file structure-v6.pdb (PDB, C-alpha atoms)
ATOM      1  CA  MET A   1      -2.511 -34.792   2.514
ATOM      2  CA  ALA A   2      -2.381 -31.004   2.638
ATOM      3  CA  LYS A   3      -1.023 -29.207  -0.364
ATOM      4  CA  THR A   4       1.918 -26.833  -0.117
ATOM      5  CA  LEU A   5       2.324 -23.468  -1.790
ATOM      6  CA  THR A   6       5.645 -21.646  -1.992
ATOM      7  CA  ILE A   7       5.534 -17.903  -2.463
ATOM      8  CA  SER A   8       8.483 -15.659  -3.204
ATOM      9  CA  ILE A   9       7.821 -12.017  -2.359
ATOM     10  CA  MET A  10      10.130  -9.191  -3.420
ATOM     11  CA  GLU A  11       8.121  -6.072  -2.596
ATOM     12  CA  PRO A  12       8.959  -3.962   0.471
ATOM     13  CA  PRO A  13       6.171  -2.887   2.818
ATOM     14  CA  TYR A  14       4.255   0.386   2.539
ATOM     15  CA  GLU A  15       5.152   1.073  -1.108
ATOM     16  CA  SER A  16       2.469  -0.630  -3.189
ATOM     17  CA  ALA A  17      -0.527  -2.924  -3.020
ATOM     18  CA  THR A  18       1.718  -5.848  -3.947
ATOM     19  CA  SER A  19       2.830  -6.701  -0.430
ATOM     20  CA  THR A  20      -0.731  -6.413   0.888
ATOM     21  CA  THR A  21      -1.974  -8.688  -1.878
ATOM     22  CA  SER A  22       0.787 -11.178  -1.095
ATOM     23  CA  LEU A  23      -0.270 -11.261   2.541
ATOM     24  CA  ARG A  24      -3.892 -11.742   1.508
ATOM     25  CA  ILE A  25      -2.945 -14.671  -0.731
ATOM     26  CA  ILE A  26      -1.080 -16.274   2.174
ATOM     27  CA  ASP A  27      -4.128 -15.666   4.370
ATOM     28  CA  ALA A  28      -6.452 -17.261   1.819
ATOM     29  CA  ALA A  29      -4.205 -20.300   1.389
ATOM     30  CA  LEU A  30      -3.916 -20.903   5.122
ATOM     31  CA  ARG A  31      -7.690 -20.642   5.519
ATOM     32  CA  LYS A  32      -8.049 -23.346   2.851
ATOM     33  CA  GLY A  33      -5.733 -25.649   4.811
ATOM     34  CA  ILE A  34      -2.758 -25.215   2.514
ATOM     35  CA  ASN A  35       0.760 -25.177   3.948
ATOM     36  CA  VAL A  36       2.624 -22.051   2.892
ATOM     37  CA  ASN A  37       6.325 -21.370   2.504
ATOM     38  CA  VAL A  38       7.362 -17.750   2.095
ATOM     39  CA  PHE A  39      10.721 -16.734   0.706
ATOM     40  CA  ALA A  40      11.085 -13.024   1.450
ATOM     41  CA  TYR A  41      13.594 -11.622  -0.980
ATOM     42  CA  GLU A  42      15.142  -8.124  -1.289
ATOM     43  CA  GLY A  43      12.827  -5.447   0.140
ATOM     44  CA  ALA A  44      10.305  -7.984   1.396
ATOM     45  CA  VAL A  45      12.607  -8.832   4.306
ATOM     46  CA  SER A  46      11.424  -5.560   5.839
ATOM     47  CA  LEU A  47       7.876  -6.898   6.206
ATOM     48  CA  THR A  48       8.823  -8.589   9.469
ATOM     49  CA  ILE A  49      11.074  -5.996  11.114
ATOM     50  CA  LYS A  50      10.319  -5.914  14.818
ATOM     51  CA  ASP A  51      11.102  -2.217  15.160
ATOM     52  CA  GLN A  52       8.087  -1.163  13.076
ATOM     53  CA  GLN A  53       5.901   1.121  15.153
ATOM     54  CA  PRO A  54       2.357   2.358  14.619
ATOM     55  CA  HIS A  55       2.199   6.128  14.459
ATOM     56  CA  PRO A  56      -0.333   8.916  14.925
ATOM     57  CA  ASN A  57      -1.671  10.790  11.919
ATOM     58  CA  PRO A  58      -1.370  14.546  12.370
ATOM     59  CA  VAL A  59      -3.110  15.239   9.053
ATOM     60  CA  HIS A  60      -6.198  13.360  10.250
ATOM     61  CA  GLY A  61      -5.760  14.562  13.812
ATOM     62  CA  THR A  62      -5.691  10.999  15.155
ATOM     63  CA  SER A  63      -3.594   9.564  17.971
ATOM     64  CA  VAL A  64      -1.693   6.278  17.794
ATOM     65  CA  GLU A  65      -4.598   4.576  19.556
ATOM     66  CA  GLU A  66      -7.225   6.077  17.284
ATOM     67  CA  GLU A  67      -5.285   5.387  14.107
ATOM     68  CA  LYS A  68      -4.880   1.657  14.945
ATOM     69  CA  HIS A  69      -2.253   1.298  12.273
ATOM     70  CA  PRO A  70      -1.767  -2.422  11.540
ATOM     71  CA  THR A  71       1.890  -2.599  10.552
ATOM     72  CA  THR A  72       3.076  -5.459   8.343
ATOM     73  CA  LYS A  73       4.917  -7.106  11.240
ATOM     74  CA  PHE A  74       1.547  -7.455  12.991
ATOM     75  CA  PHE A  75      -0.025  -8.880   9.829
ATOM     76  CA  VAL A  76       2.711 -11.502   9.518
ATOM     77  CA  ALA A  77       2.525 -12.352  13.209
ATOM     78  CA  SER A  78      -1.214 -12.763  12.775
ATOM     79  CA  LEU A  79      -0.682 -15.099   9.827
ATOM     80  CA  PHE A  80       1.491 -17.308  12.042
ATOM     81  CA  GLU A  81      -1.361 -17.346  14.574
ATOM     82  CA  LEU A  82      -3.840 -18.255  11.862
ATOM     83  CA  ALA A  83      -1.642 -21.116  10.635
ATOM     84  CA  LYS A  84      -1.427 -22.488  14.148
ATOM     85  CA  GLU A  85      -5.186 -22.257  14.580
ATOM     86  CA  LYS A  86      -5.814 -23.994  11.237
ATOM     87  CA  GLY A  87      -3.246 -26.699  11.934
ATOM     88  CA  VAL A  88      -1.203 -25.926   8.830
ATOM     89  CA  LYS A  89       2.399 -24.878   8.412
ATOM     90  CA  LEU A  90       3.607 -21.377   7.669
ATOM     91  CA  ASP A  91       7.344 -21.292   7.133
ATOM     92  CA  TRP A  92       8.861 -17.873   6.466
ATOM     93  CA  VAL A  93      12.469 -17.401   5.403
ATOM     94  CA  ASN A  94      14.076 -13.997   5.062
ATOM     95  CA  CYS A  95      16.936 -13.962   2.539
ATOM     96  CA  GLY A  96      20.048 -13.540   4.652
ATOM     97  CA  PHE A  97      22.076 -11.445   2.215
ATOM     98  CA  CYS A  98      19.085  -9.150   1.671
ATOM     99  CA  VAL A  99      18.771  -8.746   5.423
ATOM    100  CA  ASP A 100      22.470  -8.000   5.867
ATOM    101  CA  GLU A 101      22.684  -5.328   3.176
ATOM    102  CA  ARG A 102      19.688  -3.562   4.700
ATOM    103  CA  GLY A 103      20.656  -4.025   8.342
ATOM    104  CA  ALA A 104      17.161  -5.456   8.707
ATOM    105  CA  GLY A 105      17.862  -8.373  11.042
ATOM    106  CA  ASN A 106      15.647  -7.616  14.030
ATOM    107  CA  TRP A 107      12.477  -9.608  13.319
ATOM    108  CA  ILE A 108       9.349 -10.640  15.069
ATOM    109  CA  GLU A 109       9.102 -14.242  16.230
ATOM    110  CA  GLY A 110       8.421 -16.691  13.398
ATOM    111  CA  PRO A 111      10.630 -15.903  10.371
ATOM    112  CA  ARG A 112      14.056 -17.465  10.046
ATOM    113  CA  ARG A 113      17.175 -16.763   8.038
ATOM    114  CA  GLY A 114      17.842 -18.627   4.811
ATOM    115  CA  GLY A 115      18.792 -18.312   1.180
ATOM    116  CA  PRO A 116      18.289 -19.651  -2.341
ATOM    117  CA  PRO A 117      19.042 -23.278  -1.342
ATOM    118  CA  GLN A 118      15.955 -23.146   0.880
ATOM    119  CA  LEU A 119      13.871 -21.787  -1.974
ATOM    120  CA  HIS A 120      15.232 -24.529  -4.245
ATOM    121  CA  GLU A 121      14.235 -27.188  -1.738
ATOM    122  CA  TRP A 122      10.753 -25.724  -1.281
ATOM    123  CA  VAL A 123      10.117 -25.475  -5.017
ATOM    124  CA  GLN A 124      10.940 -29.154  -5.435
ATOM    125  CA  GLU A 125       8.598 -30.175  -2.628
ATOM    126  CA  SER A 126       5.681 -27.790  -3.294
ATOM    127  CA  ASP A 127       2.579 -28.303  -5.392
ATOM    128  CA  ALA A 128       2.914 -24.792  -6.794
ATOM    129  CA  THR A 129       5.222 -21.802  -6.646
ATOM    130  CA  LEU A 130       4.064 -18.232  -6.934
ATOM    131  CA  VAL A 131       6.585 -15.476  -7.647
ATOM    132  CA  ILE A 132       5.451 -11.970  -6.743
ATOM    133  CA  PRO A 133       8.124  -9.518  -7.916
ATOM    134  CA  THR A 134       8.548  -5.802  -7.434
ATOM    135  CA  LYS A 135       8.133  -3.415 -10.360
TER     136      LYS A 135
ATOM    137  CA  MET B 136       5.601  31.578  -1.253
ATOM    138  CA  LYS B 137       6.235  29.087  -4.041
ATOM    139  CA  LYS B 138       3.181  27.443  -5.491
ATOM    140  CA  ILE B 139       3.511  23.680  -5.986
ATOM    141  CA  LEU B 140       1.362  21.324  -8.060
ATOM    142  CA  CYS B 141       1.554  17.644  -7.101
ATOM    143  CA  VAL B 142       0.728  15.391 -10.042
ATOM    144  CA  VAL B 143      -0.430  11.981  -8.837
ATOM    145  CA  GLU B 144      -0.271   9.262 -11.485
ATOM    146  CA  THR B 145       0.069   5.994  -9.549
ATOM    147  CA  PRO B 146      -2.720   5.357  -7.052
ATOM    148  CA  TYR B 147      -3.064   2.910  -4.178
ATOM    149  CA  ARG B 148       0.655   2.633  -3.478
ATOM    150  CA  GLY B 149       0.683   0.839  -0.139
ATOM    151  CA  THR B 150      -2.542   2.556   0.854
ATOM    152  CA  LEU B 151      -3.955  -0.438   2.724
ATOM    153  CA  GLU B 152      -0.807  -0.851   4.811
ATOM    154  CA  GLU B 153      -0.371   2.887   5.312
ATOM    155  CA  GLN B 154      -4.061   3.617   5.809
ATOM    156  CA  ASP B 155      -3.262   6.636   3.663
ATOM    157  CA  ASP B 156      -1.884   7.689   0.307
ATOM    158  CA  ALA B 157       1.654   8.891   0.953
ATOM    159  CA  THR B 158       1.602  11.571  -1.754
ATOM    160  CA  LEU B 159      -1.726  13.045  -0.704
ATOM    161  CA  TRP B 160      -0.638  12.889   2.931
ATOM    162  CA  LEU B 161       2.574  14.778   2.221
ATOM    163  CA  THR B 162       0.723  17.339   0.118
ATOM    164  CA  HIS B 163      -1.755  17.962   2.928
ATOM    165  CA  SER B 164       1.055  18.119   5.492
ATOM    166  CA  LEU B 165       2.923  20.687   3.425
ATOM    167  CA  LYS B 166      -0.258  22.736   3.161
ATOM    168  CA  ASN B 167      -0.660  22.578   6.929
ATOM    169  CA  ALA B 168       2.952  23.706   7.237
ATOM    170  CA  GLY B 169       2.172  26.768   5.158
ATOM    171  CA  SER B 170       2.939  25.711   1.594
ATOM    172  CA  ASN B 171       0.711  26.664  -1.317
ATOM    173  CA  MET B 172      -0.275  23.334  -2.860
ATOM    174  CA  GLY B 173      -2.427  21.926  -5.646
ATOM    175  CA  VAL B 174      -3.219  18.384  -6.835
ATOM    176  CA  LEU B 175      -3.663  17.002 -10.330
ATOM    177  CA  LEU B 176      -4.930  13.438 -10.754
ATOM    178  CA  ARG B 177      -3.854  11.798 -13.989
ATOM    179  CA  GLY B 178      -3.573   8.260 -15.372
ATOM    180  CA  ASN B 179      -4.878   5.553 -13.080
ATOM    181  CA  ALA B 180      -4.959   8.010 -10.181
ATOM    182  CA  VAL B 181      -8.142   9.552 -11.589
ATOM    183  CA  ASN B 182      -9.870   6.660  -9.815
ATOM    184  CA  TYR B 183      -9.179   8.530  -6.566
ATOM    185  CA  ALA B 184     -12.016  10.847  -7.561
ATOM    186  CA  VAL B 185     -14.657   8.091  -7.727
ATOM    187  CA  ALA B 186     -17.216   8.860  -5.041
ATOM    188  CA  SER B 187     -18.485   5.346  -4.246
ATOM    189  CA  GLN B 188     -15.192   3.492  -3.723
ATOM    190  CA  ASP B 189     -15.050   1.577  -0.467
ATOM    191  CA  PRO B 190     -11.897  -0.252   0.685
ATOM    192  CA  ALA B 191     -13.388  -1.519   3.949
ATOM    193  CA  GLY B 192     -13.353  -5.164   4.967
ATOM    194  CA  VAL B 193      -9.779  -6.328   4.447
ATOM    195  CA  VAL B 194      -8.681  -8.897   7.030
ATOM    196  CA  ILE B 195      -5.232 -10.517   7.134
ATOM    197  CA  GLY B 196      -4.828 -13.293   9.640
ATOM    198  CA  LYS B 197      -6.757 -11.988  12.612
ATOM    199  CA  LEU B 198      -6.112  -8.326  11.953
ATOM    200  CA  SER B 199      -8.497  -6.083  10.124
ATOM    201  CA  ILE B 200      -7.655  -2.749   8.575
ATOM    202  CA  GLU B 201      -9.926  -0.596  10.684
ATOM    203  CA  HIS B 202      -9.209   2.753   9.092
ATOM    204  CA  PRO B 203      -8.646   2.163   5.386
ATOM    205  CA  VAL B 204      -7.994   5.191   3.243
ATOM    206  CA  TYR B 205     -10.863   6.734   1.333
ATOM    207  CA  PRO B 206      -8.869   8.859  -1.105
ATOM    208  CA  GLN B 207     -11.935  10.694  -2.391
ATOM    209  CA  LYS B 208     -12.762  11.816   1.156
ATOM    210  CA  ASN B 209      -9.180  12.840   1.858
ATOM    211  CA  LEU B 210      -9.118  14.846  -1.364
ATOM    212  CA  LEU B 211     -12.352  16.529  -0.369
ATOM    213  CA  LYS B 212     -10.814  17.518   2.960
ATOM    214  CA  MET B 213      -7.770  18.786   1.104
ATOM    215  CA  LYS B 214      -9.967  20.895  -1.123
ATOM    216  CA  GLN B 215     -11.764  22.275   1.895
ATOM    217  CA  ALA B 216      -8.340  23.135   3.316
ATOM    218  CA  GLY B 217      -7.597  25.222   0.225
ATOM    219  CA  ILE B 218      -5.874  22.717  -2.044
ATOM    220  CA  PRO B 219      -7.388  22.743  -5.547
ATOM    221  CA  VAL B 220      -7.961  19.258  -6.963
ATOM    222  CA  HIS B 221      -7.889  18.806 -10.740
ATOM    223  CA  VAL B 222      -8.722  15.633 -12.657
ATOM    224  CA  ILE B 223      -7.841  15.001 -16.292
ATOM    225  CA  ARG B 224     -11.098  14.340 -18.096
ATOM    226  CA  GLU B 225      -9.627  12.236 -20.922
ATOM    227  CA  ASP B 226      -7.959   9.874 -18.451
ATOM    228  CA  VAL B 227     -11.329   9.336 -16.770
ATOM    229  CA  GLU B 228     -13.086   8.716 -20.060
ATOM    230  CA  GLU B 229     -10.373   6.386 -21.421
ATOM    231  CA  ARG B 230     -10.907   4.126 -18.430
ATOM    232  CA  GLY B 231     -14.642   3.993 -18.896
ATOM    233  CA  ILE B 232     -15.288   5.720 -15.587
ATOM    234  CA  PRO B 233     -18.621   7.573 -15.813
ATOM    235  CA  LEU B 234     -18.044  11.272 -15.202
ATOM    236  CA  GLU B 235     -21.131  11.365 -13.012
ATOM    237  CA  SER B 236     -19.506   8.853 -10.651
ATOM    238  CA  LEU B 237     -16.847  11.360  -9.626
ATOM    239  CA  VAL B 238     -16.929  13.644  -6.619
ATOM    240  CA  LYS B 239     -18.502  16.821  -7.956
ATOM    241  CA  ASP B 240     -16.197  19.168  -6.075
ATOM    242  CA  PHE B 241     -13.118  18.366  -8.130
ATOM    243  CA  GLU B 242     -12.315  20.260 -11.304
ATOM    244  CA  LEU B 243     -12.276  18.262 -14.508
ATOM    245  CA  ILE B 244      -9.792  19.663 -16.991
ATOM    246  CA  SER B 245      -8.725  18.636 -20.459
ATOM    247  CA  GLY B 246      -5.164  17.627 -21.289
ATOM    248  CA  SER B 247      -4.970  20.625 -23.585
ATOM    249  CA  GLU B 248      -5.431  22.864 -20.545
ATOM    250  CA  LEU B 249      -2.389  21.495 -18.723
ATOM    251  CA  PRO B 250       0.120  24.096 -19.991
ATOM    252  CA  ASN B 251      -2.108  26.808 -18.639
ATOM    253  CA  LEU B 252      -2.499  24.965 -15.329
ATOM    254  CA  PHE B 253       1.243  24.390 -15.012
ATOM    255  CA  SER B 254       1.909  28.054 -15.711
ATOM    256  CA  GLN B 255      -0.045  28.910 -12.573
ATOM    257  CA  TYR B 256       2.484  27.041 -10.423
ATOM    258  CA  ASP B 257       6.174  27.684  -9.678
ATOM    259  CA  GLN B 258       6.944  23.982  -9.377
ATOM    260  CA  VAL B 259       5.330  20.787 -10.678
ATOM    261  CA  TRP B 260       6.093  17.606  -8.763
ATOM    262  CA  HIS B 261       5.266  14.420 -10.656
ATOM    263  CA  TRP B 262       4.806  11.499  -8.261
TER     264      TRP B 262
END

call {"tool": "encode", "arguments": {"input": "structure-v6.pdb", "output": "structure tokens"}}
result
Amino acid sequence: MAKTLTISIMEPPYESATSTTSLRIIDAALRKGINVNVFAYEGAVSLTIKDQQPHPNPVHGTSVEEEKHPTTKFFVASLFELAKEKGVKLDWVNCGFCVDERGAGNWIEGPRRGGPPQLHEWVQESDATLVIPTK
Amino acid sequence: MKKILCVVETPYRGTLEEQDDATLWLTHSLKNAGSNMGVLLRGNAVNYAVASQDPAGVVIGKLSIEHPVYPQKNLLKMKQAGIPVHVIREDVEERGIPLESLVKDFELISGSELPNLFSQYDQVWHW
């Protein structure tokens, strides 16, 4: 029976290496056949905002196409694809209150709205829980 | 024209997701806009001066980061654009980073020289 890892992420995108590392841990777990639950808390709810747009880089003189900026929404969408391919579950809950206070409710397909009761349930059912806070 | 020194202390803040360092990017943008800028690397940010660092190869899901930031190369371009780049020698040595591993074009300065450096600028921005 596949193991299940619950991860709580607090870090917003584009501010530190923490969110990237969190996504890489999720990637590694999925590749090992581990089911992953993600509880996106506070700024981390912005990882999946649908309105994120790649941009050109005038300092480097590159266009949008040349820059190929992989926004975090694309990374998360790709993780859902990977989970499907590997036959494991990726469940992603964005904390509803955190979403509301930020007006950050327009997401890509995949994440759903939830709250601490969901995290509580996951922690009870999971083999391990990893908390990745912001600093 | 006011002269501004940007002190960078925390490196690699979202650099994989941004494909850039936001502070260096803003500094270079301000220079392009006509500002008179300088950069001082201190603390962990002295690692930005290491010549051989290579962030290539990160893949998340099915997406790879195709244009990761090479801060040492960006800093070199900034220097070529007229932005002096200073690195605090003691912060390099404390971290066990060999001085010969740094990009040669950046100026190593001692902490005791900072007052003199700051006096050359109208404003010091500590990021």

call {"tool": "resolve_selection", "arguments": {"input": "structure-v6.pdb", "expression": "the ChimeraX specification (/A :<6) & /B", "output": "JSON, numbers by chain"}}
result
{"B": [148, 149, 152, 153, 195, 196, 197]}

call {"tool": "write_last_selection", "arguments": {"input": "structure-v6.pdb", "atoms": "C-alpha atoms", "output": "compact mmCIF listing (two decimals), keeping the file's coordinate frame"}}
result
# COMPACT_ATOMS: atom_id res chain seq x y z
CA ARG B 148 0.66 2.63 -3.48
CA GLY B 149 0.68 0.84 -0.14
CA GLU B 152 -0.81 -0.85 4.81
CA GLU B 153 -0.37 2.89 5.31
CA ILE B 195 -5.23 -10.52 7.13
CA GLY B 196 -4.83 -13.29 9.64
CA LYS B 197 -6.76 -11.99 12.61

call {"tool": "residues_around", "arguments": {"input": "structure-v6.pdb", "residues": "segment 170-180 of chain B", "least_positions_apart": "6", "cutoff": "10 Å", "atoms": "only C-alpha atoms", "output": "VMD selection string"}}
result
chain B and resid 136 to 147 158 to 159 162 to 164 206 210 213 to 214 217 to 227 229 to 230 241 to 244 246 249 252 256 258 to 261

call {"tool": "atom_distance", "arguments": {"input": "structure-v6.pdb", "atom1": "atom CA of Ala191 of chain B", "atom2": "atom CA of Tyr205 of chain B"}}
result
9.0 Å

call {"tool": "residues_around", "arguments": {"input": "structure-v6.pdb", "residues": "Asn37 of chain A", "least_positions_apart": "4", "cutoff": "7 Å", "atoms": "all atoms listed in the file", "output": "list in words"}}
result
Leu5, Thr6, Ile7, Leu90, Asp91 and Trp92 of chain A

call {"tool": "atom_distance", "arguments": {"input": "structure-v6.pdb", "atom1": "atom CA of Phe253 of chain B", "atom2": "atom CA of Lys135 of chain A"}}
result
29.0 Å

call {"tool": "axis_aligned_box", "arguments": {"input": "structure-v6.pdb", "around": "segment 116-131 of chain A", "padding_each_side": "4 Å", "output": "JSON"}}
result
{"center_x": 10.8, "center_y": -22.8, "center_z": -3.4, "size_x": 24.5, "size_y": 22.7, "size_z": 16.5}

call {"tool": "atom_distance", "arguments": {"input": "structure-v6.pdb", "atom1": "atom CA of Trp122 of chain A", "atom2": "atom CA of Gly110 of chain A"}}
result
17.4 Å

call {"tool": "closest_residue", "arguments": {"input": "structure-v6.pdb", "among": "A:Gly61, A:Ser22, A:Ser8, A:Leu130", "to": "Ala40 of chain A", "atoms": "only C-alpha atoms"}}
result
A:Ser8

call {"tool": "resolve_selection", "arguments": {"input": "structure-v6.pdb", "expression": "the PyMOL selection byres ((chain B and resi 204) around 7)", "output": "PyMOL selection string"}}
result
chain B and resi 150-151+154-155+202-203+205-206

call {"tool": "residues_around", "arguments": {"input": "structure-v6.pdb", "residues": "Cys98 of chain A", "least_positions_apart": "3", "cutoff": "9 Å", "atoms": "all atoms listed in the file", "output": "PyMOL selection string"}}
result
chain A and resi 40-45+94-95+101-104

call {"tool": "closest_residue", "arguments": {"input": "structure-v6.pdb", "among": "B:Leu198, B:Asp189, B:Ala216, B:Ile232", "to": "Ala168 of chain B", "atoms": "all atoms listed in the file"}}
result
B:Ala216

call {"tool": "resolve_selection", "arguments": {"input": "structure-v6.pdb", "expression": "the PyMOL selection byres ((chain B and resi 187) around 9)", "output": "PyMOL selection string"}}
result
chain B and resi 185-186+188-189+207+236-238

call {"tool": "decode", "arguments": {"input": "structure-v6.pdb", "residues": "segment 198-234 of chain B", "atoms": "C-alpha atoms", "output": "compact mmCIF listing (two decimals), in the first residue's frame"}}
result
# COMPACT_ATOMS: atom_id res chain seq x y z
CA LEU B 198 8.74 21.45 -16.31
CA SER B 199 12.39 22.34 -16.29
CA ILE B 200 13.84 25.71 -15.41
CA GLU B 201 15.41 26.50 -18.74
CA HIS B 202 16.99 29.82 -17.88
CA PRO B 203 18.15 29.64 -14.27
CA VAL B 204 19.91 32.66 -12.88
CA TYR B 205 23.69 32.71 -12.83
CA PRO B 206 24.21 35.57 -10.38
CA GLN B 207 27.94 35.77 -11.03
CA LYS B 208 27.28 36.30 -14.74
CA ASN B 209 24.58 38.87 -14.08
CA LEU B 210 26.93 40.74 -11.75
CA LEU B 211 29.61 40.68 -14.41
CA LYS B 212 27.18 42.21 -16.90
CA MET B 213 26.25 44.80 -14.30
CA LYS B 214 29.89 45.67 -13.82
CA GLN B 215 30.34 45.98 -17.55
CA ALA B 216 27.34 48.32 -17.54
CA GLY B 217 29.13 50.57 -15.05
CA ILE B 218 27.92 49.22 -11.72
CA PRO B 219 30.82 48.60 -9.33
CA VAL B 220 30.57 45.28 -7.48
CA HIS B 221 32.19 45.00 -4.05
CA VAL B 222 32.51 41.84 -1.95
CA ILE B 223 33.36 41.78 1.74
CA ARG B 224 36.50 39.69 2.08
CA GLU B 225 35.92 38.59 5.69
CA ASP B 226 32.46 37.24 4.84
CA VAL B 227 34.02 35.15 2.07
CA GLU B 228 36.75 33.84 4.34
CA GLU B 229 34.39 33.09 7.26
CA ARG B 230 32.42 30.78 4.99
CA GLY B 231 35.48 28.92 3.83
CA ILE B 232 35.04 30.07 0.25
CA PRO B 233 38.47 30.14 -1.43
CA LEU B 234 39.21 33.66 -2.64
